[in-house]
Amino acid sequence: MLRFSGFELDSERAELRRPDGDGETVKLRPKTLEILRLLAGNAGCVLSKQQLMEAVWPNVHVGEDSLFQCIREIRTALGDDKRQIVRVISGRGYLFEAGVTEVLVAAAPAVAPTGQPVPAASDTKAATETNGEPAKRLLDFSRRRSAAFASIAGLAILCTAIAVWVLRPGLIFARGPATIAVTQIADASNDPLVAQMAANVGGRLTDGLAKIENIRVLAPDAAASKADFVVSGELQKSEQAWTIRARMTATDTGEVKWTASHSVAVTADMDVPLQQSRLTAGIGHALAVRLNELLDADPRSAAKSKVVIEQATAHINQTSPERFKAAQAMLEQALTEDPDNTDVQIALAALLMRGVQMAWVRGAEREVAETKAEAMLQQTLRAKTNHIPANEAYCRFLNATNQFRSSLVACARALSFDPWNGIALYHIGLAQIQTGRFEDALATFKQADRFDTPQVSRWTWMIGAGWANMLMGRAEDAVPWLLKSIAITSASGRTHMLLAAAYQQLGKTDEARAAMEKGRELRPGSTVHNVPTPTKNSSPIYIEASERIMQLMAAAGLPES
């Protein structure tokens with residue numbers, strides 16, 4: 001067992017326990033726990049990125065982002081916001097700075113087959129001298145039995161060693177049910193520009209799939225025949241857009257398990273790397289969701305709930321209190337008819353927490369909604385640990401209830417099954433804002449915008465980027481993000497109020513008052529006291545910056561009461 005900074009890392013149980021002796025286990029993904037074990041076990045020594053990746057992902061194609069995600073999760077779990085425990089040594093790797101103590105767990109005392117303690121050597125000698133020949137025969141028998149036990153123990157150790165070698169990453173898991181290979185993205189035009197774009201998109205897609213926790217990505221082409229699934233596709237370019245079409249085939253049957261197409265407009269404000277990112281994410285997000293369905297979802301549940309969830313989601317996307325209530329009624333009716341439908345449970349829990357976040361559910365009703373949502377999500381996660389919608393909804397729940405550190409871990413887990421999940425990125429950004437890490441939050445929202453998946457949530461990371469800029473006092477940078485968010489979804493009063501604060505800071509008082517008037521129209525009854533988000537577990541840095549924004553809103557016309 002390794003002890004550091006009050007934490008205990010128990011290798012035998014594969015657990016990280018919190019300090020202060022409360023024994024609470026910190027939930028970490030297996031790869032993250034292994035990275036922490038390597039770093040803590042080599043405290044004071046610099047481990048290169050290559051060393052860590054080869055140790056944790058042997059014989060598997062992964063990008064550096066997989067390692068970076070593990071490091072972020074470790075820092076979150078340890079509360080290492082200032083990066084003083086896990087330090088980056090520029091150009092060399094990572095250094096674990098905390099003092100580490102290795103504690104050996106005492107073995108249980110030896111017990112004879114009768115259940116009595118094994119006698120000491122001096123006691124055995126006395127028995128031999130006292131009892132003569134009977135004692136000698138008993139001792140010989142004990143020695144023969146000990147030798148037999150030793151042989152069996154040796155054989156067990158040998159078998160264990162062989163099992164460890166056989167089960168090491170890269171052997172049995174590489175032949176498991178979740179292996180995938182991406183073949184080269186085809187280019188039918190014979191245009192070098194299209195061919196280069198196709199190669200870059202294929203590489204990005206492979207890197208992203210390699211981050212998914214419950215699949216393994218095999219090297220393309222040569223390994224394609226050994227994979228359970230093979231992904232192929234074609235890329236085309238017109239004057240207006242890039243279009244990628246992709247499919248996934250089951251190798252054993254030749255059955256096409258998934259097809260999708262995605263187009264990205266060619267515009268003056270979108271450079272080639274952004275086009276590549278959105279092409280990859282557009283197809284990768286859909287593929288990750290399909291893989292998750294194949295590996296984890298209950299097809300009977302999905303068939304029953306698909307229509308009602310789609311109808312409810314159509315209401316949710318309009319983001320108004322009236323439509324929220326309509327969606328809630330639809331999902332509750334569906335759950336009454338089918339109480340064990342986990343997909344409906346997830347959808348209803350996610351909807352309830354959206355109502356909490358948008359302040360459509362308040363007071364005692366809010367407490368009931370939170371309790372109900374938590375119970376449904378925990379039940380679903382026990383049944384479907386790897387299910388993307390369940391992890392995504394739990395990530396949102398923890399954020400909405402101000403459990404920001406836990407939310408960062410839960411959201412990262414959702415990303416571990418869909419690296420292009422813009423909703424999970426958005427909620428990571430929200431947690432980073434509440435913990436005072438505004439620059440990190442802005443980078444996260446921008447990453448979500450680069451992926452732009454799912455597009456229906458585009459307005460959320462745009463308001464997030466505007467909010468992060470406002471918290472840092474950058475009103476001029478905030479305005480474009482907020483205007484784009486309003487252009488997509490104009491029914492959120494919070495966006496208009498933030499825009500009013502930005503205009504007020506820039507001295508555009510007429511625009512500020514007009515924006516605030518629109519925000520109050522969408523959120524009647526809003527005041528300086530009920531617009532701010534709850535500050536429980538929030539950083540003092542966030543609270544101070546938020547108060548500055550509220551002062552700007554008040555100056556723009558938000559009433560005190």
# chains A, B, ... in the order shown; residues from 1 in each chain; ligands from 1
call {"tool": "residues_around", "arguments": {"residues": "Val46 (chain A)", "least_positions_apart": "2", "cutoff": "10 Å", "atoms": "only C-alpha atoms", "output": "PDB file with N, CA, C and O atoms, in the first residue's frame"}}
result
ATOM      1  N   LEU A  39       3.182   6.450 -11.175  1.00  0.00           N
ATOM      2  CA  LEU A  39       3.768   7.722 -10.748  1.00  0.00           C
ATOM      3  C   LEU A  39       4.144   7.690  -9.270  1.00  0.00           C
ATOM      4  O   LEU A  39       5.256   8.067  -8.886  1.00  0.00           O
ATOM      5  N   ASN A  42       7.022   5.507  -8.353  1.00  0.00           N
ATOM      6  CA  ASN A  42       8.317   6.039  -8.790  1.00  0.00           C
ATOM      7  C   ASN A  42       8.451   7.507  -8.402  1.00  0.00           C
ATOM      8  O   ASN A  42       8.972   8.328  -9.172  1.00  0.00           O
ATOM      9  N   ALA A  43       7.935   7.836  -7.204  1.00  0.00           N
ATOM     10  CA  ALA A  43       7.968   9.217  -6.734  1.00  0.00           C
ATOM     11  C   ALA A  43       9.401   9.747  -6.739  1.00  0.00           C
ATOM     12  O   ALA A  43      10.343   9.046  -6.369  1.00  0.00           O
ATOM     13  N   GLY A  44       9.537  10.996  -7.191  1.00  0.00           N
ATOM     14  CA  GLY A  44      10.864  11.609  -7.251  1.00  0.00           C
ATOM     15  C   GLY A  44      11.599  11.338  -8.544  1.00  0.00           C
ATOM     16  O   GLY A  44      12.672  11.906  -8.778  1.00  0.00           O
ATOM     17  N   SER A  48       8.704   9.457 -18.522  1.00  0.00           N
ATOM     18  CA  SER A  48       8.345  10.067 -19.801  1.00  0.00           C
ATOM     19  C   SER A  48       6.946   9.640 -20.214  1.00  0.00           C
ATOM     20  O   SER A  48       6.417   8.613 -19.764  1.00  0.00           O
ATOM     21  N   LYS A  49       6.344  10.429 -21.104  1.00  0.00           N
ATOM     22  CA  LYS A  49       5.029  10.073 -21.626  1.00  0.00           C
ATOM     23  C   LYS A  49       5.080   8.711 -22.311  1.00  0.00           C
ATOM     24  O   LYS A  49       4.166   7.901 -22.176  1.00  0.00           O
ATOM     25  N   GLN A  51       7.095   6.197 -21.688  1.00  0.00           N
ATOM     26  CA  GLN A  51       7.181   5.123 -20.696  1.00  0.00           C
ATOM     27  C   GLN A  51       5.798   4.805 -20.119  1.00  0.00           C
ATOM     28  O   GLN A  51       5.426   3.637 -19.979  1.00  0.00           O
ATOM     29  N   ARG A  87       3.675  16.983 -11.338  1.00  0.00           N
ATOM     30  CA  ARG A  87       4.272  18.106 -12.057  1.00  0.00           C
ATOM     31  C   ARG A  87       4.699  17.695 -13.461  1.00  0.00           C
ATOM     32  O   ARG A  87       5.128  16.563 -13.687  1.00  0.00           O
ATOM     33  N   VAL A  88       4.579  18.641 -14.377  1.00  0.00           N
ATOM     34  CA  VAL A  88       5.093  18.439 -15.730  1.00  0.00           C
ATOM     35  C   VAL A  88       6.525  18.951 -15.770  1.00  0.00           C
ATOM     36  O   VAL A  88       6.793  20.097 -15.404  1.00  0.00           O
ATOM     37  N   ILE A  89       7.433  18.102 -16.193  1.00  0.00           N
ATOM     38  CA  ILE A  89       8.824  18.513 -16.392  1.00  0.00           C
ATOM     39  C   ILE A  89       9.010  18.714 -17.890  1.00  0.00           C
ATOM     40  O   ILE A  89       9.005  17.739 -18.658  1.00  0.00           O
ATOM     41  N   ARG A  92      10.458  16.380 -20.720  1.00  0.00           N
ATOM     42  CA  ARG A  92      10.900  15.105 -20.145  1.00  0.00           C
ATOM     43  C   ARG A  92       9.743  14.191 -19.747  1.00  0.00           C
ATOM     44  O   ARG A  92       9.774  13.002 -20.024  1.00  0.00           O
ATOM     45  N   GLY A  93       8.708  14.737 -19.086  1.00  0.00           N
ATOM     46  CA  GLY A  93       7.608  13.881 -18.677  1.00  0.00           C
ATOM     47  C   GLY A  93       6.951  14.374 -17.406  1.00  0.00           C
ATOM     48  O   GLY A  93       6.815  15.578 -17.190  1.00  0.00           O
ATOM     49  N   TYR A  94       6.581  13.426 -16.512  1.00  0.00           N
ATOM     50  CA  TYR A  94       5.839  13.758 -15.297  1.00  0.00           C
ATOM     51  C   TYR A  94       6.634  13.329 -14.062  1.00  0.00           C
ATOM     52  O   TYR A  94       7.290  12.280 -14.052  1.00  0.00           O
ATOM     53  N   LEU A  95       6.519  14.154 -13.019  1.00  0.00           N
ATOM     54  CA  LEU A  95       7.216  13.899 -11.749  1.00  0.00           C
ATOM     55  C   LEU A  95       6.191  13.916 -10.625  1.00  0.00           C
ATOM     56  O   LEU A  95       5.410  14.859 -10.501  1.00  0.00           O
ATOM     57  N   PHE A  96       6.176  12.858  -9.812  1.00  0.00           N
ATOM     58  CA  PHE A  96       5.288  12.784  -8.647  1.00  0.00           C
ATOM     59  C   PHE A  96       6.056  13.356  -7.455  1.00  0.00           C
ATOM     60  O   PHE A  96       7.030  12.762  -6.986  1.00  0.00           O
ATOM     61  N   GLU A  97       5.617  14.545  -6.977  1.00  0.00           N
ATOM     62  CA  GLU A  97       6.377  15.296  -5.973  1.00  0.00           C
ATOM     63  C   GLU A  97       6.070  14.897  -4.545  1.00  0.00           C
ATOM     64  O   GLU A  97       6.882  15.113  -3.655  1.00  0.00           O
TER      65      GLU A  97
END
call {"tool": "select_by_dssp", "arguments": {"residues": "region 195-340 of chain A", "states": "strand (DSSP E or B)", "output": "ChimeraX atom specification"}}
result
/A:216-217,229-237,241-250,256-265
call {"tool": "write_last_selection", "arguments": {"atoms": "N, CA and C atoms", "output": "PDB file, in the first residue's frame"}}
result
ATOM      1  N   ARG A 216     -10.813  -2.008 -28.188  1.00  0.00           N
ATOM      2  CA  ARG A 216      -9.393  -1.921 -28.520  1.00  0.00           C
ATOM      3  C   ARG A 216      -9.267  -1.688 -30.017  1.00  0.00           C
ATOM      4  N   VAL A 217      -8.391  -0.763 -30.369  1.00  0.00           N
ATOM      5  CA  VAL A 217      -8.186  -0.418 -31.773  1.00  0.00           C
ATOM      6  C   VAL A 217      -6.951  -1.157 -32.275  1.00  0.00           C
ATOM      7  N   PHE A 229     -14.863  -5.639 -35.695  1.00  0.00           N
ATOM      8  CA  PHE A 229     -15.536  -4.649 -36.523  1.00  0.00           C
ATOM      9  C   PHE A 229     -14.495  -3.907 -37.369  1.00  0.00           C
ATOM     10  N   VAL A 230     -14.879  -3.575 -38.589  1.00  0.00           N
ATOM     11  CA  VAL A 230     -14.016  -2.803 -39.479  1.00  0.00           C
ATOM     12  C   VAL A 230     -14.790  -1.571 -39.932  1.00  0.00           C
ATOM     13  N   VAL A 231     -14.161  -0.412 -39.791  1.00  0.00           N
ATOM     14  CA  VAL A 231     -14.761   0.852 -40.210  1.00  0.00           C
ATOM     15  C   VAL A 231     -14.117   1.287 -41.512  1.00  0.00           C
ATOM     16  N   SER A 232     -14.924   1.627 -42.483  1.00  0.00           N
ATOM     17  CA  SER A 232     -14.430   2.127 -43.769  1.00  0.00           C
ATOM     18  C   SER A 232     -15.255   3.337 -44.163  1.00  0.00           C
ATOM     19  N   GLY A 233     -14.771   4.096 -45.131  1.00  0.00           N
ATOM     20  CA  GLY A 233     -15.521   5.285 -45.518  1.00  0.00           C
ATOM     21  C   GLY A 233     -14.959   5.951 -46.756  1.00  0.00           C
ATOM     22  N   GLU A 234     -15.690   6.947 -47.251  1.00  0.00           N
ATOM     23  CA  GLU A 234     -15.256   7.717 -48.414  1.00  0.00           C
ATOM     24  C   GLU A 234     -15.450   9.193 -48.097  1.00  0.00           C
ATOM     25  N   LEU A 235     -14.575  10.022 -48.663  1.00  0.00           N
ATOM     26  CA  LEU A 235     -14.655  11.465 -48.477  1.00  0.00           C
ATOM     27  C   LEU A 235     -14.821  12.132 -49.836  1.00  0.00           C
ATOM     28  N   GLN A 236     -15.748  13.073 -49.916  1.00  0.00           N
ATOM     29  CA  GLN A 236     -15.965  13.827 -51.144  1.00  0.00           C
ATOM     30  C   GLN A 236     -15.972  15.317 -50.830  1.00  0.00           C
ATOM     31  N   LYS A 237     -15.632  16.106 -51.861  1.00  0.00           N
ATOM     32  CA  LYS A 237     -15.615  17.561 -51.689  1.00  0.00           C
ATOM     33  C   LYS A 237     -16.383  18.202 -52.828  1.00  0.00           C
ATOM     34  N   ALA A 241     -19.149  22.078 -49.544  1.00  0.00           N
ATOM     35  CA  ALA A 241     -18.975  21.271 -48.329  1.00  0.00           C
ATOM     36  C   ALA A 241     -18.098  20.047 -48.563  1.00  0.00           C
ATOM     37  N   TRP A 242     -17.566  19.551 -47.436  1.00  0.00           N
ATOM     38  CA  TRP A 242     -16.954  18.223 -47.368  1.00  0.00           C
ATOM     39  C   TRP A 242     -18.040  17.261 -46.900  1.00  0.00           C
ATOM     40  N   THR A 243     -18.050  16.065 -47.451  1.00  0.00           N
ATOM     41  CA  THR A 243     -19.006  15.048 -46.998  1.00  0.00           C
ATOM     42  C   THR A 243     -18.275  13.726 -46.806  1.00  0.00           C
ATOM     43  N   ILE A 244     -18.427  13.155 -45.610  1.00  0.00           N
ATOM     44  CA  ILE A 244     -17.841  11.843 -45.331  1.00  0.00           C
ATOM     45  C   ILE A 244     -18.971  10.848 -45.105  1.00  0.00           C
ATOM     46  N   ARG A 245     -18.834   9.678 -45.716  1.00  0.00           N
ATOM     47  CA  ARG A 245     -19.778   8.576 -45.519  1.00  0.00           C
ATOM     48  C   ARG A 245     -18.996   7.400 -44.951  1.00  0.00           C
ATOM     49  N   ALA A 246     -19.509   6.814 -43.894  1.00  0.00           N
ATOM     50  CA  ALA A 246     -18.780   5.733 -43.240  1.00  0.00           C
ATOM     51  C   ALA A 246     -19.724   4.599 -42.875  1.00  0.00           C
ATOM     52  N   ARG A 247     -19.127   3.422 -42.687  1.00  0.00           N
ATOM     53  CA  ARG A 247     -19.902   2.248 -42.292  1.00  0.00           C
ATOM     54  C   ARG A 247     -19.032   1.369 -41.394  1.00  0.00           C
ATOM     55  N   MET A 248     -19.674   0.566 -40.579  1.00  0.00           N
ATOM     56  CA  MET A 248     -18.970  -0.404 -39.740  1.00  0.00           C
ATOM     57  C   MET A 248     -19.539  -1.782 -40.038  1.00  0.00           C
ATOM     58  N   THR A 249     -18.649  -2.717 -40.320  1.00  0.00           N
ATOM     59  CA  THR A 249     -19.052  -4.071 -40.708  1.00  0.00           C
ATOM     60  C   THR A 249     -18.550  -5.079 -39.683  1.00  0.00           C
ATOM     61  N   ALA A 250     -19.386  -6.055 -39.358  1.00  0.00           N
ATOM     62  CA  ALA A 250     -18.960  -7.165 -38.500  1.00  0.00           C
ATOM     63  C   ALA A 250     -18.135  -8.130 -39.342  1.00  0.00           C
ATOM     64  N   VAL A 256     -23.431  -5.192 -42.143  1.00  0.00           N
ATOM     65  CA  VAL A 256     -23.190  -3.769 -41.863  1.00  0.00           C
ATOM     66  C   VAL A 256     -23.957  -3.402 -40.592  1.00  0.00           C
ATOM     67  N   LYS A 257     -23.220  -3.022 -39.557  1.00  0.00           N
ATOM     68  CA  LYS A 257     -23.809  -2.732 -38.261  1.00  0.00           C
ATOM     69  C   LYS A 257     -24.142  -1.252 -38.074  1.00  0.00           C
ATOM     70  N   TRP A 258     -23.563  -0.397 -38.932  1.00  0.00           N
ATOM     71  CA  TRP A 258     -23.766   1.050 -38.751  1.00  0.00           C
ATOM     72  C   TRP A 258     -23.360   1.786 -40.008  1.00  0.00           C
ATOM     73  N   THR A 259     -24.126   2.770 -40.396  1.00  0.00           N
ATOM     74  CA  THR A 259     -23.757   3.673 -41.484  1.00  0.00           C
ATOM     75  C   THR A 259     -24.111   5.088 -41.065  1.00  0.00           C
ATOM     76  N   ALA A 260     -23.360   6.036 -41.565  1.00  0.00           N
ATOM     77  CA  ALA A 260     -23.638   7.444 -41.265  1.00  0.00           C
ATOM     78  C   ALA A 260     -22.932   8.315 -42.284  1.00  0.00           C
ATOM     79  N   SER A 261     -23.437   9.516 -42.436  1.00  0.00           N
ATOM     80  CA  SER A 261     -22.765  10.512 -43.273  1.00  0.00           C
ATOM     81  C   SER A 261     -22.779  11.833 -42.526  1.00  0.00           C
ATOM     82  N   HIS A 262     -21.793  12.671 -42.817  1.00  0.00           N
ATOM     83  CA  HIS A 262     -21.696  13.962 -42.135  1.00  0.00           C
ATOM     84  C   HIS A 262     -21.063  14.958 -43.082  1.00  0.00           C
ATOM     85  N   SER A 263     -21.641  16.156 -43.130  1.00  0.00           N
ATOM     86  CA  SER A 263     -21.129  17.204 -44.006  1.00  0.00           C
ATOM     87  C   SER A 263     -20.681  18.402 -43.190  1.00  0.00           C
ATOM     88  N   VAL A 264     -19.618  19.039 -43.647  1.00  0.00           N
ATOM     89  CA  VAL A 264     -19.102  20.254 -43.017  1.00  0.00           C
ATOM     90  C   VAL A 264     -18.966  21.307 -44.105  1.00  0.00           C
ATOM     91  N   ALA A 265     -19.595  22.448 -43.882  1.00  0.00           N
ATOM     92  CA  ALA A 265     -19.574  23.511 -44.883  1.00  0.00           C
ATOM     93  C   ALA A 265     -18.167  24.077 -45.047  1.00  0.00           C
TER      94      ALA A 265
END
call {"tool": "residues_around", "arguments": {"residues": "Lys446 (chain A)", "least_positions_apart": "4", "cutoff": "7 Å", "atoms": "only C-alpha atoms", "output": "ChimeraX atom specification"}}
result
/A:442,450,465
call {"tool": "closest_residue", "arguments": {"among": "A:Ala512, A:Ala334, A:Cys395, A:Ala219", "to": "Gln311 (chain A)", "atoms": "only C-alpha atoms"}}
result
A:Ala334
call {"tool": "residues_around", "arguments": {"residues": "region 515-525 of chain A", "least_positions_apart": "3", "cutoff": "7 Å", "atoms": "only C-alpha atoms", "output": "ChimeraX atom specification"}}
result
/A:491-494,496-497,499-500,511-512,556-558
call {"tool": "write_last_selection", "arguments": {"atoms": "N, CA and C atoms", "output": "PDB file, in the first residue's frame"}}
result
ATOM      1  N   ALA A 491     -34.257  31.529 -26.696  1.00  0.00           N
ATOM      2  CA  ALA A 491     -35.219  31.450 -25.598  1.00  0.00           C
ATOM      3  C   ALA A 491     -34.582  31.364 -24.219  1.00  0.00           C
ATOM      4  N   SER A 492     -33.266  31.485 -24.133  1.00  0.00           N
ATOM      5  CA  SER A 492     -32.601  31.424 -22.834  1.00  0.00           C
ATOM      6  C   SER A 492     -32.376  32.837 -22.300  1.00  0.00           C
ATOM      7  N   GLY A 493     -33.087  33.169 -21.225  1.00  0.00           N
ATOM      8  CA  GLY A 493     -32.927  34.495 -20.640  1.00  0.00           C
ATOM      9  C   GLY A 493     -31.544  34.745 -20.087  1.00  0.00           C
ATOM     10  N   ARG A 494     -30.901  33.679 -19.608  1.00  0.00           N
ATOM     11  CA  ARG A 494     -29.570  33.844 -19.020  1.00  0.00           C
ATOM     12  C   ARG A 494     -28.578  34.391 -20.052  1.00  0.00           C
ATOM     13  N   HIS A 496     -29.194  36.361 -22.629  1.00  0.00           N
ATOM     14  CA  HIS A 496     -29.471  37.784 -22.840  1.00  0.00           C
ATOM     15  C   HIS A 496     -28.942  38.614 -21.668  1.00  0.00           C
ATOM     16  N   MET A 497     -29.063  38.089 -20.450  1.00  0.00           N
ATOM     17  CA  MET A 497     -28.584  38.839 -19.284  1.00  0.00           C
ATOM     18  C   MET A 497     -27.065  38.949 -19.281  1.00  0.00           C
ATOM     19  N   LEU A 499     -25.261  38.935 -21.967  1.00  0.00           N
ATOM     20  CA  LEU A 499     -24.981  39.882 -23.043  1.00  0.00           C
ATOM     21  C   LEU A 499     -25.181  41.318 -22.541  1.00  0.00           C
ATOM     22  N   ALA A 500     -26.214  41.539 -21.730  1.00  0.00           N
ATOM     23  CA  ALA A 500     -26.446  42.861 -21.150  1.00  0.00           C
ATOM     24  C   ALA A 500     -25.249  43.297 -20.295  1.00  0.00           C
ATOM     25  N   GLU A 511     -27.793  49.210 -25.653  1.00  0.00           N
ATOM     26  CA  GLU A 511     -27.811  47.791 -26.005  1.00  0.00           C
ATOM     27  C   GLU A 511     -27.940  46.929 -24.755  1.00  0.00           C
ATOM     28  N   ALA A 512     -27.272  47.357 -23.667  1.00  0.00           N
ATOM     29  CA  ALA A 512     -27.317  46.601 -22.419  1.00  0.00           C
ATOM     30  C   ALA A 512     -28.738  46.536 -21.866  1.00  0.00           C
ATOM     31  N   ALA A 556     -27.455  47.382 -15.742  1.00  0.00           N
ATOM     32  CA  ALA A 556     -28.174  47.277 -17.017  1.00  0.00           C
ATOM     33  C   ALA A 556     -29.679  47.150 -16.828  1.00  0.00           C
ATOM     34  N   GLY A 557     -30.146  47.104 -15.562  1.00  0.00           N
ATOM     35  CA  GLY A 557     -31.586  47.093 -15.336  1.00  0.00           C
ATOM     36  C   GLY A 557     -32.138  45.883 -14.610  1.00  0.00           C
ATOM     37  N   LEU A 558     -31.298  44.973 -14.123  1.00  0.00           N
ATOM     38  CA  LEU A 558     -31.796  43.837 -13.349  1.00  0.00           C
ATOM     39  C   LEU A 558     -32.135  44.329 -11.943  1.00  0.00           C
TER      40      LEU A 558
END
call {"tool": "residues_around", "arguments": {"residues": "Phe438 (chain A)", "least_positions_apart": "5", "cutoff": "8 Å", "atoms": "only C-alpha atoms", "output": "PyMOL selection string"}}
result
chain A and resi 432-433+468-469+471-472
call {"tool": "residues_around", "arguments": {"residues": "Ala359 (chain A)", "least_positions_apart": "6", "cutoff": "10 Å", "atoms": "only C-alpha atoms", "output": "MDAnalysis selection string"}}
result
chainID A and resid 321 353 366 523 530:531 533
call {"tool": "select_by_dssp", "arguments": {"residues": "region 173-356 of chain A", "states": "helix (DSSP H, G or I)", "output": "PyMOL selection string"}}
result
chain A and resi 173-175+192-209+221-226+272-296+299-316+321-337+342-356
call {"tool": "closest_atom_pairs", "arguments": {"of": "region 412-529 of chain A", "to": "region 70-82 of chain A", "cutoff": "12 Å", "atoms": "only C-alpha atoms", "output": "Markdown table"}}
result
| residue | atom | partner | partner_atom | distance |
| --- | --- | --- | --- | --- |
| A:Ala412 | CA | A:Glu73 | CA | 7.4 |
| A:Arg413 | CA | A:Glu73 | CA | 9.4 |
| A:Leu415 | CA | A:Cys70 | CA | 11.5 |
| A:Ser416 | CA | A:Cys70 | CA | 10.0 |
| A:Ile428 | CA | A:Arg72 | CA | 11.3 |
| A:Ala431 | CA | A:Thr76 | CA | 11.1 |
| A:Gln432 | CA | A:Asp81 | CA | 10.3 |
| A:Thr435 | CA | A:Asp81 | CA | 9.1 |
| A:Gly436 | CA | A:Asp81 | CA | 9.9 |
| A:Arg437 | CA | A:Asp81 | CA | 8.7 |
| A:Asp440 | CA | A:Asp81 | CA | 11.1 |
call {"tool": "closest_residue", "arguments": {"among": "A:Asn341, A:Lys508, A:Phe451, A:Glu12", "to": "Gln379 (chain A)", "atoms": "only C-alpha atoms"}}
result
A:Asn341
call {"tool": "residues_around", "arguments": {"residues": "region 200-203 of chain A", "least_positions_apart": "3", "cutoff": "8 Å", "atoms": "only C-alpha atoms", "output": "count of residues only"}}
result
12
call {"tool": "decode", "arguments": {"residues": "region 235-247 of chain A", "atoms": "N, CA and C atoms", "output": "short mmCIF file (atom, residue, chain, number, x, y, z; two decimals), in the first residue's frame"}}
result
data_model
loop_
_atom_site.label_atom_id
_atom_site.label_comp_id
_atom_site.auth_asym_id
_atom_site.auth_seq_id
_atom_site.Cartn_x
_atom_site.Cartn_y
_atom_site.Cartn_z
N LEU A 235 -14.57 10.02 -48.66
CA LEU A 235 -14.66 11.47 -48.48
C LEU A 235 -14.82 12.13 -49.84
N GLN A 236 -15.75 13.07 -49.92
CA GLN A 236 -15.97 13.83 -51.14
C GLN A 236 -15.97 15.32 -50.83
N LYS A 237 -15.63 16.11 -51.86
CA LYS A 237 -15.62 17.56 -51.69
C LYS A 237 -16.38 18.20 -52.83
N SER A 238 -17.28 19.13 -52.46
CA SER A 238 -17.97 19.96 -53.44
C SER A 238 -17.55 21.40 -53.20
N GLU A 239 -18.09 22.31 -53.93
CA GLU A 239 -17.75 23.72 -53.72
C GLU A 239 -18.25 24.22 -52.38
N GLN A 240 -19.32 23.64 -51.89
CA GLN A 240 -19.93 24.13 -50.65
C GLN A 240 -19.52 23.35 -49.40
N ALA A 241 -19.15 22.08 -49.54
CA ALA A 241 -18.97 21.27 -48.33
C ALA A 241 -18.10 20.05 -48.56
N TRP A 242 -17.57 19.55 -47.44
CA TRP A 242 -16.95 18.22 -47.37
C TRP A 242 -18.04 17.26 -46.90
N THR A 243 -18.05 16.07 -47.45
CA THR A 243 -19.01 15.05 -47.00
C THR A 243 -18.27 13.73 -46.81
N ILE A 244 -18.43 13.16 -45.61
CA ILE A 244 -17.84 11.84 -45.33
C ILE A 244 -18.97 10.85 -45.11
N ARG A 245 -18.83 9.68 -45.72
CA ARG A 245 -19.78 8.58 -45.52
C ARG A 245 -19.00 7.40 -44.95
N ALA A 246 -19.51 6.81 -43.89
CA ALA A 246 -18.78 5.73 -43.24
C ALA A 246 -19.72 4.60 -42.88
N ARG A 247 -19.13 3.42 -42.69
CA ARG A 247 -19.90 2.25 -42.29
C ARG A 247 -19.03 1.37 -41.39
#
